[in-house]
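Novice: This is the structure I want to talk about, given as structure tokens.
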Amino acid sequence: MTHRFRCAFQTPLVRLSRPIAVWRGICGSRARISSAVCVVALASLCASSVKAQSTSAADTSSLPALLQSSLDASMTVESVLLGDRRALPPIPRRQFSVGTLPLPPVSPGDTIIVPQVTGEITDPELKERADSLNRSLRLLAIEERLIGSELWGGAPRTGVIPRKDFLEARINLLRDMENVLQIRLREKLAQLDTTIARVESEIEANRTAEIASLEDYLDKYPSSASVADAKFILGQLYYDKERKRYTDAMLRYTTEFQRYRMGLLPVAPAPPVLNEAVSVPFYKSVVELGTNPDLVPYSLYSLGKFHLEQARDLKARSDESRLTGRREEAQHFTHLSEMETDSAKAYFARLVVEFPDDSVNVPEAFYVLASHYNMLGGPVNRDTAAVYCNALIRNYWYSPRYQNALVMLGQINYYNGVGTRERAARNRYFSNALAYMAWLARDVDAFTESQIPGVSPDPPRMMDVSRRDYAVQFMTQIITRQSPLPGTEPPPPVETAVKLVTAAGNPPFGADLLRQVGDKKNSDYNTSGNPIDLVAALTAYDSLLSRYPTYKEGPQIQQVVIDGATYLSDDPAERYRIYVRQKLLFFERFNRNSEWARQNQDSPAVVKAADDSAAAYLETGARWLYSTARAANDREGVRRSLDYFVKFFQTYPERPQAYELNWSLATELRDLGDYERAYEEFMRVSNADRSQYREDAALEAVAAAQALVEMEQSGSRSPGRAQETQPPGGGR
């Protein structure tokens with residue numbers, strides 16, 4: 001009987017899967033469907049397949065305690081089995097939201113009628129399938145409400161349902177939407193591929209037609225004055241055609257190489273080669289004819305570049321033959337490479353001599369030659385490359401290759417210095433490398449400062465401002481990582497950096513250079529614990545702050561100095577003295593009235609944070625100096641500390657500490673016998689509305705005035721009272 005019942009119930013499950021799939025397809029098109037469809041379908045299928053079972057009420061004693069909670073349920077779940085409809089236990093209430101849309105209060109409109117299969121099902125497999133069907137129907141009903149909220153707006157009226165069911169329904173809905181989007185995206189990509197293929201086909205057809213037309217023109221009119229123009233255009237068209245072939249071949253090669261790496265091909269594919277020789281005959285004809293001087297410079301440059309690349313390829317083949325022991329073949333390729341290089345130099349030389357005012361092709365020729373010799377390596381070749389770079393930067397500073405040439409010069413001198421053992425030559429190379437990198441950074445700073453919004457520079461100049469950061473990093477590397485010669489020490493990095501910045505006239509990049517040098521030495525100290533590195537770092541930071549007082553990150557730098565300066569002495573008293581001195585220096589440099597604060601008004605939060613630290617440091621320093629001088633009975637030290645008291649309440653009169661320090665200042669002046677100033681300070685304290693010393697200050701002001709009168713009558717200066725005064729911050 002169990003087998004028959006299983007087969008009978010299995011049939012409606014399978015038959016119901018197709019309507020559910022159709023329903024999901026409708027959801028994918030964002031259409032609503034009534035849940036009553038599921039009710040009718042399930043009722044009819046179950047009524048035709050299963051006999052009536054017991055109609056006794058469901059026993060909920062075995063349900064989890066969570067489901068037995070007496071919560072109000074606005075979502076009614078109805079069971080449908082042979083016409084028997086009974087409500088399931090109430091579903092626990094869960095609060096949730098979709099996006100930022102809150103759920104509305106529970107109302108009859110939130111009720112969802114969901115058909116459910118119930119009854120005494122003893123077969124485990126059949127019961128599992130029934131539970132799966134019930135859950136699917138609940139999720140579909142929730143998805144229906146979600147789609148409705150998307151179509152008509154507002155919060156999804158899903159009623160009181162378990163959060164797990166809601167999230168699962170939403171995930172299913174999002175997965176369906178994702179599948180639809182993926183299908184549409186694939187369709188769109190297919191359309192784009194078709195459009196691209198059509199456009200490329202049209203371009204190729206037009207190119208072929210243009211080539212045929214120009215070749216026909218040359219055949220018919222070989223003596224025309226436009227022959228050079230036609231051949232130049234033919235060279236460009238053939239090169240474009242070859243470039244397209246090379247690009248397609250490279251794409252195929254990439255795919256085949258990936259298959260080779262996966263083991264799907266037994267032999268690695270050969271990489272494609274770009275045949276740049278297709279346009280060489282046409283450029284040679286343009287040069288030989290010389291009828292259009294506007295086309296000759298580019299033709300000469302293209303011919304020289306072609307021969308130089310040939311020389312590079314032959315040099316690579318020569319190196320390969322030499323490594324495999326084929327010396328004669330290597331010598332042959334070397335000879336051919338030298339011949340190609342001579343041909344390239346001949347074309348470039350003609351370009352420079354005949355068209356010195358060409359601002360595009362001539363600097364490109366210099367840079368190509370410099371790159372060629374720099375890649376060959378060795379001091380001699382690098383020096384040759386430096387000659388071409390110098391010719392470029394001196395005569396064509398507006399060229400896009402100008403910055404590249406400066407970078408190459410810096411690298412050439414650095415590597416020449418690393419490979420030189422003679423100390424004088426080594427230092428000269430390093431100095432030149434620093435000079436070229438500083439030149440590059442200074443040019444970027446000048447270019448940035450000269451820019452006017454909306455106005456282009458005249459003459460137009462292409463400047464990559466990111467090269468500045470590279471130049472500063474390269475200079476930092478040279479300064480901090482110079483490899484010493486055997487038995488020698490490298491020059492002090494901070495001293496070298498300071499000399500460089502001074503020689504350059506304290507340019508803007510100097511602040512970043514000193515910062516990076518200080519950071520590098522500070523990092524070295526944290527790694528090695530060598531106090532020499534700490535001294536170097538603090539020296540670099542102090543030089544930065546003294547040379548660039550408006551440096552925006554100055555407060556952070558000064559804080560690093562404060563934290564690190566305490567490690568400069570083994571004596572605790574001396575360490576704290578250095579600590580206080582640096583704190584007072586922080587106030588002098590970064591208080592609200594400083595030049596730094598005025599220059600950084602565009603960052604009020606940064607200025608306020610620095611000013612708060614300055615106030616705290618000034619108070620701490622003033623109190624410490626005062627107490628130390630009092631303990632040592634140093635009257636001159638006391639007077640100096642009182643100056644900081646004055647600075648505090650003059651700079652920060654609104655702070656509560658100002659009244660305490662002002663009171664301490666007045667009492668100390670009284671004890672020093674300076675009754676005139678004491679009277680002024682006592683009066684200032686007594687006139688302060690928020691001061692807690694107003695009454696005492698008024699009495700002391702009267703006493704000070706009386707002492708002044710007595711001094712004037714006696715004609716002598718009173719040594720002042722001998723009674724002890726209260727420490728700063730105390731009161732009477």
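Ordering of the structure tokens sets the chain letters (A, B, ...); residue numbers start at 1 within each chain; ligands are numbered from 1 in the order shown.
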Sorted by chain and rising residue number, which residues of range 167-259 of chain A lie within 10 Å of range 133-152 of chain A, and what are their closest atom pairs and distances in Å to one decimal, counting only C-alpha atoms, as JSON lines?

Specialist:
```
{"residue": "A:Leu167", "atom": "CA", "partner": "A:Leu139", "partner_atom": "CA", "distance": 9.4}
{"residue": "A:Glu168", "atom": "CA", "partner": "A:Leu139", "partner_atom": "CA", "distance": 7.3}
{"residue": "A:Ala169", "atom": "CA", "partner": "A:Leu139", "partner_atom": "CA", "distance": 5.0}
{"residue": "A:Arg170", "atom": "CA", "partner": "A:Glu143", "partner_atom": "CA", "distance": 6.7}
{"residue": "A:Ile171", "atom": "CA", "partner": "A:Glu143", "partner_atom": "CA", "distance": 9.5}
{"residue": "A:Asn172", "atom": "CA", "partner": "A:Glu143", "partner_atom": "CA", "distance": 8.1}
{"residue": "A:Leu173", "atom": "CA", "partner": "A:Glu143", "partner_atom": "CA", "distance": 6.4}
{"residue": "A:Leu174", "atom": "CA", "partner": "A:Glu143", "partner_atom": "CA", "distance": 9.8}
```

Novice: For N, CA, C and O atoms, I'd like the residues from the last selection saved as a compact mmCIF listing (two decimals), in the first residue's frame.

Specialist:
```
# COMPACT_ATOMS: atom_id res chain seq x y z
N LEU A 167 14.46 35.31 3.12
CA LEU A 167 15.79 35.42 2.50
C LEU A 167 15.95 34.41 1.37
O LEU A 167 16.52 34.73 0.32
N GLU A 168 15.46 33.20 1.59
CA GLU A 168 15.58 32.20 0.53
C GLU A 168 14.78 32.60 -0.70
O GLU A 168 15.22 32.43 -1.84
N ALA A 169 13.57 33.14 -0.46
CA ALA A 169 12.77 33.59 -1.60
C ALA A 169 13.45 34.73 -2.33
O ALA A 169 13.45 34.77 -3.57
N ARG A 170 14.03 35.64 -1.58
CA ARG A 170 14.71 36.76 -2.24
C ARG A 170 15.94 36.28 -3.01
O ARG A 170 16.22 36.77 -4.10
N ILE A 171 16.67 35.34 -2.47
CA ILE A 171 17.84 34.79 -3.18
C ILE A 171 17.41 34.12 -4.47
O ILE A 171 18.04 34.28 -5.52
N ASN A 172 16.32 33.35 -4.42
CA ASN A 172 15.82 32.71 -5.64
C ASN A 172 15.43 33.75 -6.69
O ASN A 172 15.73 33.60 -7.88
N LEU A 173 14.78 34.80 -6.22
CA LEU A 173 14.37 35.84 -7.16
C LEU A 173 15.58 36.54 -7.77
O LEU A 173 15.63 36.78 -8.99
N LEU A 174 16.56 36.86 -6.94
CA LEU A 174 17.77 37.50 -7.46
C LEU A 174 18.53 36.58 -8.41
O LEU A 174 19.11 37.03 -9.40
```

Novice: Set the distance at 6 Å and use only C-alpha atoms: which residues neighbour Ser318 in chain A once local chain neighbours fewer than 5 positions away are removed? I'd like the list as an mmCIF file with N, CA and C atoms, in the first residue's frame.

Specialist:
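Output saved as result-v3.cif:
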```
data_model
loop_
_atom_site.group_PDB
_atom_site.id
_atom_site.type_symbol
_atom_site.label_atom_id
_atom_site.label_comp_id
_atom_site.auth_asym_id
_atom_site.auth_seq_id
_atom_site.Cartn_x
_atom_site.Cartn_y
_atom_site.Cartn_z
ATOM 1 N N ALA A 330 77.564 33.471 -34.405
ATOM 2 C CA ALA A 330 77.398 34.660 -33.562
ATOM 3 C C ALA A 330 78.138 35.850 -34.151
ATOM 4 N N PHE A 333 76.105 37.205 -37.141
ATOM 5 C CA PHE A 333 74.957 38.020 -36.726
ATOM 6 C C PHE A 333 75.402 39.349 -36.121
ATOM 7 N N THR A 334 76.504 39.334 -35.408
ATOM 8 C CA THR A 334 77.016 40.588 -34.842
ATOM 9 C C THR A 334 77.402 41.557 -35.951
#
```

Novice: Among range 437-601 of chain A, which residues does DSSP mark as helix (DSSP H, G or I) when it is run on the backbone? Keep the chain and numbering as in the structure and answer as number ranges by chain.

Specialist: A: 437-450, 467-480, 493-503, 509-528, 531-547, 554-568, 572-590, 595-599

Novice: Residues at most 7 Å from Tyr617 in chain A, counting only C-alpha atoms, excluding those fewer than 5 positions away in the same chain, as a list in words?

Specialist: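 The contact residues come out as Lys583, Leu584 and Phe587 of chain A.
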
Novice: Could the residues in this selection be saved with N, CA, C and O atoms as a CSV table (one decimal), in the first residue's frame?

Specialist:
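Result saved to selection-v3.csv:
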```
chain,number,residue,atom,x,y,z
A,583,LYS,N,58.4,69.9,22.3
A,583,LYS,CA,57.0,70.2,22.5
A,583,LYS,C,56.8,71.7,22.3
A,583,LYS,O,55.9,72.2,21.7
A,584,LEU,N,57.7,72.5,23.0
A,584,LEU,CA,57.6,74.0,22.8
A,584,LEU,C,57.8,74.4,21.4
A,584,LEU,O,57.2,75.3,20.9
A,587,PHE,N,54.7,74.1,19.4
A,587,PHE,CA,53.8,75.2,19.6
A,587,PHE,C,54.3,76.4,18.7
A,587,PHE,O,53.4,77.0,18.0
```

Novice: Separation of CA of Trp439 in chain A and CA of Leu406 in chain A, in Å?

Specialist: 7.8 Å
